[in-house]
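Colleague: Sharing coords.cif below, mmCIF, C-alpha atoms:
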```
data_start
#
loop_
_atom_site.label_atom_id
_atom_site.label_comp_id
_atom_site.auth_asym_id
_atom_site.auth_seq_id
_atom_site.Cartn_x
_atom_site.Cartn_y
_atom_site.Cartn_z
CA MET A 577 118.80 54.51 128.54
CA SER A 578 116.32 56.39 130.74
CA ARG A 579 117.44 59.68 129.14
CA LEU A 580 116.93 58.17 125.66
CA ILE A 581 113.42 57.07 126.59
CA GLN A 582 112.75 60.52 128.01
CA HIS A 583 113.80 62.15 124.72
CA LEU A 584 111.71 59.66 122.78
CA PHE A 585 108.59 60.54 124.76
CA LEU A 586 109.29 64.25 124.27
CA ALA A 587 109.60 63.73 120.52
CA LEU A 588 106.40 61.70 120.40
CA GLY A 589 104.63 64.39 122.41
CA LEU A 590 105.83 67.07 119.99
CA LEU A 591 104.65 65.07 116.99
CA ALA A 592 101.28 64.51 118.63
CA SER A 593 101.01 68.23 119.37
CA ILE A 594 101.77 69.10 115.74
CA GLY A 595 99.20 66.58 114.59
CA VAL A 596 96.53 68.02 116.88
CA GLN A 597 97.33 71.56 115.69
CA ALA A 598 96.96 70.49 112.06
CA GLN A 599 93.66 68.77 112.78
CA THR A 600 92.25 71.67 114.79
CA TYR A 601 93.18 74.52 112.42
CA PRO A 602 92.03 77.15 112.93
CA SER A 603 92.22 77.47 116.70
CA LYS A 604 92.71 81.25 116.85
CA PRO A 605 91.81 84.35 114.79
CA ILE A 606 93.09 84.54 111.21
CA SER A 607 94.68 87.74 109.94
CA MET A 608 93.61 88.71 106.42
CA VAL A 609 96.18 91.25 105.27
CA VAL A 610 95.13 93.88 102.73
CA PRO A 611 98.32 95.56 101.45
CA GLN A 612 96.52 98.77 100.45
CA ALA A 613 94.77 101.54 102.36
CA ALA A 614 91.11 101.41 103.34
CA GLY A 615 88.58 102.20 100.62
CA GLY A 616 90.18 100.27 97.77
CA THR A 617 88.81 97.24 95.95
CA ASN A 618 90.42 94.50 98.02
CA ASP A 619 89.63 96.31 101.27
CA ILE A 620 85.95 96.47 100.28
CA VAL A 621 85.98 92.79 99.25
CA ALA A 622 87.78 91.71 102.43
CA ARG A 623 85.27 93.41 104.70
CA LEU A 624 82.31 92.03 102.73
CA ILE A 625 83.48 88.41 102.85
CA ALA A 626 85.15 88.34 106.30
CA PRO A 627 82.02 87.49 108.38
CA SER A 628 80.88 84.64 106.12
CA PHE A 629 84.43 83.37 105.58
CA GLY A 630 85.01 83.34 109.33
CA GLU A 631 81.79 81.43 109.88
CA ALA A 632 82.70 78.91 107.18
CA ILE A 633 86.22 78.24 108.42
CA GLY A 634 85.36 78.43 112.14
CA ALA A 635 87.43 81.42 113.29
CA SER A 636 87.17 85.16 113.53
CA ILE A 637 88.77 87.02 110.61
CA VAL A 638 90.73 90.19 111.35
CA VAL A 639 91.11 92.42 108.28
CA GLU A 640 94.42 94.29 108.55
CA ASN A 641 95.35 97.15 106.23
CA ARG A 642 99.13 97.28 105.84
CA PRO A 643 99.63 99.88 103.09
CA GLY A 644 102.86 101.31 101.78
CA ALA A 645 105.12 101.17 98.72
CA GLY A 646 102.21 100.34 96.42
CA GLY A 647 101.36 97.20 98.38
CA ASN A 648 104.92 95.94 98.84
CA ILE A 649 105.06 96.41 102.61
CA GLY A 650 101.96 94.35 103.39
CA THR A 651 102.86 91.73 100.79
CA GLN A 652 106.39 91.37 102.20
CA SER A 653 104.99 90.96 105.71
CA VAL A 654 102.86 88.01 104.64
CA ALA A 655 105.72 86.39 102.70
CA ARG A 656 107.83 86.53 105.89
CA SER A 657 105.05 85.49 108.29
CA PRO A 658 104.84 82.07 109.98
CA LYS A 659 103.69 79.36 107.58
CA ASP A 660 100.81 78.27 109.80
CA GLY A 661 97.78 79.59 107.90
CA TYR A 662 97.01 82.35 110.38
CA THR A 663 98.23 85.11 108.06
CA LEU A 664 96.65 85.28 104.62
CA LEU A 665 97.05 87.85 101.84
CA LEU A 666 93.99 89.28 100.10
CA THR A 667 95.54 91.22 97.28
CA ILE A 668 95.02 92.69 93.84
CA ASN A 669 97.00 92.22 90.66
CA SER A 670 98.51 95.71 90.79
CA ALA A 671 100.60 94.61 93.79
CA GLN A 672 101.17 90.99 92.80
CA ALA A 673 101.61 91.34 89.03
CA ILE A 674 102.77 94.94 88.41
CA ASN A 675 105.07 95.77 91.32
CA PRO A 676 107.73 93.19 90.38
CA SER A 677 108.28 95.15 87.14
CA LEU A 678 107.72 98.58 88.60
CA TYR A 679 110.05 98.38 91.62
CA LYS A 680 113.73 97.55 91.39
CA ASN A 681 113.34 95.45 94.53
CA PRO A 682 109.75 94.88 95.66
CA GLY A 683 110.97 92.62 98.46
CA PHE A 684 109.03 89.54 97.44
CA ASP A 685 108.71 87.05 94.61
CA PRO A 686 105.04 86.76 93.58
CA VAL A 687 105.50 83.26 92.16
CA ASN A 688 107.98 81.60 94.53
CA ASP A 689 107.01 83.25 97.84
CA PHE A 690 103.26 82.55 97.68
CA VAL A 691 100.74 79.77 97.23
CA PRO A 692 97.62 80.89 95.30
CA LEU A 693 94.58 79.83 97.30
CA TYR A 694 91.48 81.35 95.72
CA TYR A 695 90.52 83.72 92.91
CA ILE A 696 87.54 85.84 93.99
CA GLY A 697 86.73 88.04 91.01
CA ALA A 698 87.63 91.01 88.83
CA THR A 699 86.34 94.52 88.30
CA PRO A 700 87.09 97.37 85.91
CA TYR A 701 88.30 100.87 86.63
CA VAL A 702 86.16 103.87 85.83
CA LEU A 703 87.24 107.30 84.63
CA VAL A 704 85.31 109.86 86.69
CA SER A 705 84.84 113.61 86.94
CA PRO A 706 82.97 115.79 89.47
CA PRO A 707 79.35 116.88 88.86
CA GLY A 708 79.12 119.91 86.64
CA SER A 709 82.41 119.09 84.95
CA PRO A 710 82.59 119.68 81.18
CA TYR A 711 84.13 116.19 80.88
CA LYS A 712 81.05 114.02 80.57
CA THR A 713 82.18 111.66 77.80
CA LEU A 714 85.43 110.16 76.63
CA ALA A 715 85.20 112.34 73.53
CA ASP A 716 85.10 115.42 75.81
CA VAL A 717 88.27 114.27 77.59
CA VAL A 718 90.18 113.48 74.41
CA ALA A 719 89.16 116.72 72.73
CA ALA A 720 90.25 118.80 75.74
CA ALA A 721 93.53 116.91 76.06
CA LYS A 722 94.32 117.45 72.38
CA LYS A 723 93.47 121.15 72.64
CA ARG A 724 95.71 121.63 75.69
CA PRO A 725 98.49 119.01 75.61
CA GLY A 726 99.98 118.31 79.03
CA GLU A 727 97.50 120.49 80.91
CA LEU A 728 94.58 118.15 81.59
CA SER A 729 95.37 115.98 84.60
CA TYR A 730 94.06 112.75 86.10
CA ALA A 731 94.50 111.28 89.58
CA SER A 732 95.47 107.70 90.37
CA ALA A 733 95.94 105.54 93.44
CA GLY A 734 99.72 105.84 93.02
CA ASN A 735 102.65 105.49 90.68
CA GLY A 736 102.58 102.22 88.79
CA THR A 737 99.09 101.24 89.87
CA ILE A 738 96.60 100.06 87.25
CA SER A 739 94.82 103.41 87.59
CA HIS A 740 98.08 105.15 86.62
CA LEU A 741 98.88 102.78 83.76
CA LEU A 742 95.36 103.02 82.33
CA GLY A 743 95.93 106.74 81.91
CA ALA A 744 99.21 106.01 80.14
CA MET A 745 97.42 103.47 77.91
CA LEU A 746 94.71 106.02 77.07
CA ASN A 747 97.36 108.62 76.27
CA ALA A 748 99.00 106.19 73.84
CA SER A 749 95.72 104.95 72.31
CA ALA A 750 94.18 108.40 71.81
CA GLY A 751 97.39 110.25 70.99
CA ILE A 752 97.00 112.65 73.91
CA ASP A 753 99.14 113.80 76.84
CA MET A 754 97.24 113.90 80.12
CA GLN A 755 99.28 114.73 83.20
CA HIS A 756 99.39 112.03 85.89
CA ILE A 757 98.91 112.99 89.56
CA PRO A 758 99.65 110.08 91.92
CA TYR A 759 97.97 109.76 95.33
CA LYS A 760 98.58 107.43 98.24
CA GLY A 761 95.51 105.29 97.66
CA VAL A 762 92.22 105.60 95.84
CA ALA A 763 90.30 107.33 98.66
CA PRO A 764 92.38 110.56 98.68
CA ALA A 765 92.34 110.61 94.87
CA ILE A 766 88.54 110.46 94.83
CA ASN A 767 88.34 113.06 97.59
CA ASP A 768 90.30 115.55 95.51
CA VAL A 769 88.10 114.93 92.47
CA LEU A 770 85.04 115.48 94.68
CA GLY A 771 86.63 118.70 95.96
CA GLY A 772 87.52 119.92 92.48
CA GLN A 773 91.29 119.91 93.05
CA VAL A 774 91.82 117.54 90.12
CA PRO A 775 89.45 117.19 87.13
CA LEU A 776 89.62 113.43 86.49
CA ALA A 777 90.55 110.16 88.15
CA PHE A 778 90.77 106.49 87.35
CA ALA A 779 89.27 104.55 90.26
CA SER A 780 88.20 100.95 90.69
CA LEU A 781 84.48 100.54 90.17
CA PRO A 782 83.83 99.30 93.74
CA SER A 783 85.55 102.36 95.22
CA ALA A 784 83.61 104.80 93.02
CA LEU A 785 80.23 103.19 92.41
CA ASN A 786 78.45 104.54 95.49
CA TYR A 787 79.59 108.08 94.62
CA ILE A 788 78.36 107.60 91.04
CA LYS A 789 74.96 106.29 92.18
CA ALA A 790 74.63 109.20 94.62
CA GLY A 791 75.37 111.71 91.85
CA LYS A 792 78.59 112.86 93.48
CA LEU A 793 80.74 111.67 90.58
CA GLN A 794 80.16 111.46 86.83
CA ALA A 795 81.15 108.16 85.23
CA ILE A 796 82.82 108.72 81.86
CA ALA A 797 83.95 105.23 80.80
CA ILE A 798 85.11 101.93 82.26
CA SER A 799 88.23 99.93 81.45
CA SER A 800 86.83 96.44 80.85
CA ALA A 801 86.38 94.80 77.46
CA LYS A 802 82.61 94.75 77.95
CA ARG A 803 80.16 96.80 80.00
CA SER A 804 79.68 95.99 83.68
CA SER A 805 76.43 94.38 84.79
CA ALA A 806 76.59 96.60 87.90
CA ALA A 807 76.49 99.75 85.76
CA PRO A 808 75.59 98.83 82.16
CA GLU A 809 74.89 102.46 81.29
CA ILE A 810 78.60 103.33 81.52
CA PRO A 811 80.34 102.85 78.14
CA THR A 812 83.72 101.15 77.90
CA ILE A 813 86.91 102.85 76.78
CA ALA A 814 87.36 99.85 74.48
CA GLU A 815 84.29 100.87 72.48
CA THR A 816 86.45 103.72 71.18
CA TYR A 817 89.98 102.40 71.78
CA PRO A 818 89.88 98.56 71.68
CA ASP A 819 93.41 98.08 73.00
CA CYS A 820 92.79 100.12 76.15
CA VAL A 821 91.61 97.40 78.55
CA GLY A 822 92.67 96.65 82.11
CA GLU A 823 90.93 95.22 85.15
CA VAL A 824 91.80 94.58 88.75
CA TRP A 825 91.37 91.06 90.07
CA VAL A 826 91.24 89.98 93.69
CA ALA A 827 92.64 86.74 95.07
CA ILE A 828 93.80 85.13 98.29
CA PHE A 829 97.37 83.88 98.73
CA ALA A 830 99.34 82.29 101.58
CA PRO A 831 103.09 82.20 102.15
CA VAL A 832 104.84 79.19 100.65
CA GLY A 833 105.19 76.49 103.27
CA VAL A 834 101.63 76.31 104.59
CA SER A 835 100.35 72.76 104.92
CA ALA A 836 98.08 71.03 102.43
CA ASP A 837 95.51 70.76 105.23
CA VAL A 838 95.39 74.54 105.66
CA ILE A 839 95.15 75.10 101.90
CA LYS A 840 92.20 72.71 101.60
CA LYS A 841 90.37 74.29 104.55
CA VAL A 842 90.80 77.84 103.27
CA GLN A 843 89.69 76.86 99.77
CA ALA A 844 86.66 74.95 101.08
CA ALA A 845 85.67 77.87 103.31
CA MET A 846 85.98 80.35 100.41
CA GLU A 847 83.92 78.05 98.19
CA LYS A 848 81.22 77.96 100.85
CA THR A 849 81.40 81.74 101.35
CA LEU A 850 81.00 82.56 97.67
CA SER A 851 78.18 80.06 97.27
CA LYS A 852 76.00 82.24 99.50
CA SER A 853 73.64 84.33 97.43
CA GLU A 854 73.76 87.27 99.84
CA VAL A 855 77.57 87.45 99.61
CA ARG A 856 77.53 87.17 95.81
CA GLU A 857 74.86 89.86 95.56
CA LYS A 858 76.87 92.27 97.73
CA LEU A 859 80.04 91.71 95.70
CA SER A 860 78.22 91.97 92.38
CA ALA A 861 76.53 95.18 93.52
CA GLN A 862 80.02 96.64 93.99
CA GLY A 863 80.87 95.86 90.37
CA LEU A 864 82.82 92.66 90.96
CA ASP A 865 82.57 90.01 88.22
CA LEU A 866 82.56 86.66 90.02
CA ALA A 867 83.34 84.55 86.95
CA PRO A 868 85.59 81.86 88.47
CA VAL A 869 89.19 81.07 87.66
CA PRO A 870 90.01 77.55 88.94
CA THR A 871 92.69 77.58 91.64
CA ASN A 872 94.98 75.40 89.55
CA LYS A 873 94.88 78.09 86.83
CA LEU A 874 95.49 81.05 89.14
CA SER A 875 99.26 80.50 88.93
CA ALA A 876 99.08 80.62 85.14
CA LEU A 877 96.94 83.78 85.26
CA LEU A 878 99.49 85.45 87.54
CA LYS A 879 102.36 84.57 85.20
CA ASP A 880 100.42 85.89 82.19
CA GLU A 881 99.68 89.12 84.04
CA LEU A 882 103.33 89.53 85.06
CA ALA A 883 104.31 89.41 81.39
CA LYS A 884 101.46 91.68 80.24
CA TRP A 885 102.04 94.46 82.75
CA ALA A 886 105.83 94.29 82.40
CA LYS A 887 105.42 95.44 78.78
CA ILE A 888 103.06 98.26 79.79
CA VAL A 889 105.33 99.41 82.61
CA ARG A 890 108.30 99.53 80.22
CA ALA A 891 106.28 101.48 77.65
CA SER A 892 105.12 103.96 80.29
CA GLY A 893 108.65 104.56 81.57
CA ALA A 894 107.47 104.15 85.17
CA GLN A 895 110.17 102.94 87.57
CA LEU A 896 110.36 103.14 91.36
CA ASP A 897 113.12 102.33 93.83
#
```
Write out the structure in this file as structure tokens.

Modeller:
Amino acid sequence: MSRLIQHLFLALGLLASIGVQAQTYPSKPISMVVPQAAGGTNDIVARLIAPSFGEAIGASIVVENRPGAGGNIGTQSVARSPKDGYTLLLTINSAQAINPSLYKNPGFDPVNDFVPLYYIGATPYVLVSPPGSPYKTLADVVAAAKKRPGELSYASAGNGTISHLLGAMLNASAGIDMQHIPYKGVAPAINDVLGGQVPLAFASLPSALNYIKAGKLQAIAISSAKRSSAAPEIPTIAETYPDCVGEVWVAIFAPVGVSADVIKKVQAAMEKTLSKSEVREKLSAQGLDLAPVPTNKLSALLKDELAKWAKIVRASGAQLD
């Protein structure tokens, strides 16, 4: 009997401990995993929101870049992490919505392995060239590509990324054949355009905007359906080729199994973070459109994007192991 009572007290103590942990979340630093290299859209967003998000939720936020396999490595690590709310995924749709079609085995299920927590915003890509380049307009690019089929090249952040697929979409829309040169992330792609090693690149607007404003890159056209408020002088590709549209969106996910309490606290903290005018101004200045997508519709958006990009991946012929 005494042993039974002893076990009962141990069980009650464990339950009380779990209850206290749930009530006191967070009680240690939170890891915000970015599954791409530094310099990309979600890395820029993560580092801009981390201080205010940490203040709102009551814990320090550690931004961790875990790049590799187009975002699969970092995404897998979060899917397999403890379901305690201390490891969150700040990702982009190229990893979450394209990789499942691009890779034979990405190592995660974007729908069943994750809980969507918060949609932050979206931004277009921009086709850029170095200063002094003869490619100043989309018409210049198309004319050169038609004159020399297969010779004009463009850089991307990697095989199967939106920056790669936008080039494939432009090829199909304009009836041209630009050569794709994949890089391991947007930063090295931009560096080689700056250095003149490659004539063109598709880069997310946040990763390229400072170079454009400084006159280090020429902006040719952006990939959104309408012009960006951050750079309204840049025409859209869709003004010439209406079906050539693609944007990157940024959202926060957690591994399936986190508690409802954690979900509510993260969502409330993100709501508070993005209600701050200084945070919104910094994100908007980077070219991010903060038009909200309600959390209950983020799952539907992800499913729509999975279907959309699956068709584009098949048409492009891209496939990775």

Colleague: Find the spatial neighbours of A:Ala613, counting all atoms listed in the file, within a cut-off of 9 Å - ignore same-chain residues fewer than 3 positions away - and output them as number ranges by chain.

Modeller: A: 610, 616, 619, 641-644, 647, 760-763

Colleague: Check what the PyMOL selection byres ((chain A and resi 895) around 8) selects in the file above and give those residues as a PyMOL selection string.

Modeller: chain A and resi 678-680+736+889+893-894+896-897

Colleague: Got time to write the residues from that selection, C-alpha atoms, as an mmCIF file, keeping the file's coordinate frame?

Modeller:
```
data_model
loop_
_atom_site.group_PDB
_atom_site.id
_atom_site.type_symbol
_atom_site.label_atom_id
_atom_site.label_comp_id
_atom_site.auth_asym_id
_atom_site.auth_seq_id
_atom_site.Cartn_x
_atom_site.Cartn_y
_atom_site.Cartn_z
ATOM 1 C CA LEU A 678 107.720 98.580 88.600
ATOM 2 C CA TYR A 679 110.050 98.380 91.620
ATOM 3 C CA LYS A 680 113.730 97.550 91.390
ATOM 4 C CA GLY A 736 102.580 102.220 88.790
ATOM 5 C CA VAL A 889 105.330 99.410 82.610
ATOM 6 C CA GLY A 893 108.650 104.560 81.570
ATOM 7 C CA ALA A 894 107.470 104.150 85.170
ATOM 8 C CA LEU A 896 110.360 103.140 91.360
ATOM 9 C CA ASP A 897 113.120 102.330 93.830
#
```

Colleague: Run through the PyMOL selection byres ((chain A and resi 703-713) around 12) on the given coordinates and return the selected residues as a short mmCIF file (atom, residue, chain, number, x, y, z; two decimals) with C-alpha atoms, keeping the file's coordinate frame.

Modeller:
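Okay, result_32.cif is ready:
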```cif
data_model
loop_
_atom_site.label_atom_id
_atom_site.label_comp_id
_atom_site.auth_asym_id
_atom_site.auth_seq_id
_atom_site.Cartn_x
_atom_site.Cartn_y
_atom_site.Cartn_z
CA PRO A 700 87.09 97.37 85.91
CA TYR A 701 88.30 100.87 86.63
CA VAL A 702 86.16 103.87 85.83
CA LEU A 714 85.43 110.16 76.63
CA ALA A 715 85.20 112.34 73.53
CA ASP A 716 85.10 115.42 75.81
CA VAL A 717 88.27 114.27 77.59
CA VAL A 718 90.18 113.48 74.41
CA ALA A 719 89.16 116.72 72.73
CA ALA A 720 90.25 118.80 75.74
CA ALA A 721 93.53 116.91 76.06
CA LEU A 728 94.58 118.15 81.59
CA SER A 729 95.37 115.98 84.60
CA TYR A 730 94.06 112.75 86.10
CA ALA A 731 94.50 111.28 89.58
CA SER A 732 95.47 107.70 90.37
CA SER A 739 94.82 103.41 87.59
CA HIS A 740 98.08 105.15 86.62
CA LEU A 742 95.36 103.02 82.33
CA GLY A 743 95.93 106.74 81.91
CA LEU A 746 94.71 106.02 77.07
CA ALA A 765 92.34 110.61 94.87
CA ILE A 766 88.54 110.46 94.83
CA ASN A 767 88.34 113.06 97.59
CA ASP A 768 90.30 115.55 95.51
CA VAL A 769 88.10 114.93 92.47
CA LEU A 770 85.04 115.48 94.68
CA GLY A 771 86.63 118.70 95.96
CA GLY A 772 87.52 119.92 92.48
CA GLN A 773 91.29 119.91 93.05
CA VAL A 774 91.82 117.54 90.12
CA PRO A 775 89.45 117.19 87.13
CA LEU A 776 89.62 113.43 86.49
CA ALA A 777 90.55 110.16 88.15
CA PHE A 778 90.77 106.49 87.35
CA ALA A 779 89.27 104.55 90.26
CA SER A 780 88.20 100.95 90.69
CA LEU A 781 84.48 100.54 90.17
CA SER A 783 85.55 102.36 95.22
CA ALA A 784 83.61 104.80 93.02
CA LEU A 785 80.23 103.19 92.41
CA TYR A 787 79.59 108.08 94.62
CA ILE A 788 78.36 107.60 91.04
CA LYS A 789 74.96 106.29 92.18
CA ALA A 790 74.63 109.20 94.62
CA GLY A 791 75.37 111.71 91.85
CA LYS A 792 78.59 112.86 93.48
CA LEU A 793 80.74 111.67 90.58
CA GLN A 794 80.16 111.46 86.83
CA ALA A 795 81.15 108.16 85.23
CA ILE A 796 82.82 108.72 81.86
CA ALA A 797 83.95 105.23 80.80
CA ILE A 798 85.11 101.93 82.26
CA SER A 799 88.23 99.93 81.45
CA SER A 800 86.83 96.44 80.85
CA ILE A 810 78.60 103.33 81.52
CA PRO A 811 80.34 102.85 78.14
CA THR A 812 83.72 101.15 77.90
CA ILE A 813 86.91 102.85 76.78
CA THR A 816 86.45 103.72 71.18
#
```

Colleague: Which residue is closest to A:Ser670? Choose from A:Val826, A:Leu866, A:Leu859, A:Ile757 and count only C-alpha atoms.

Modeller: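 Among A:Val826, A:Leu866, A:Leu859, A:Ile757, it is A:Val826 that comes nearest to A:Ser670.
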
Colleague: Rounded to one decimal place, report the atom CA of A:Gly863-atom CA of A:Ala814 distance in Å.

Modeller: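 Separating atom CA of A:Gly863 from atom CA of A:Ala814 is a distance of 17.6 Å.
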
Colleague: Stretch 774-879 of chain A near stretch 687-698 of chain A within 6 Å: what's each residue's closest atom pair and its distance in Å to one decimal, counting all atoms listed in the file, ordered by chain then ascending residue number, as a Markdown table?

Modeller:
```
| residue | atom | partner | partner_atom | distance |
| --- | --- | --- | --- | --- |
| A:Val824 | CA | A:Ala698 | CA | 5.5 |
| A:Trp825 | CA | A:Ala698 | CA | 3.9 |
| A:Val826 | CA | A:Ile696 | CA | 5.6 |
| A:Ala827 | CA | A:Tyr695 | CA | 4.3 |
| A:Ile828 | CA | A:Tyr694 | CA | 5.1 |
| A:Phe829 | CA | A:Pro692 | CA | 4.6 |
| A:Ala830 | CA | A:Val691 | CA | 5.2 |
| A:Pro831 | CA | A:Phe690 | CA | 4.5 |
| A:Val832 | CA | A:Phe690 | CA | 4.8 |
| A:Leu864 | CA | A:Ala698 | CA | 5.5 |
| A:Asp865 | CA | A:Ala698 | CA | 5.2 |
| A:Leu866 | CA | A:Gly697 | CA | 4.5 |
| A:Thr871 | CA | A:Tyr694 | CA | 5.7 |
```
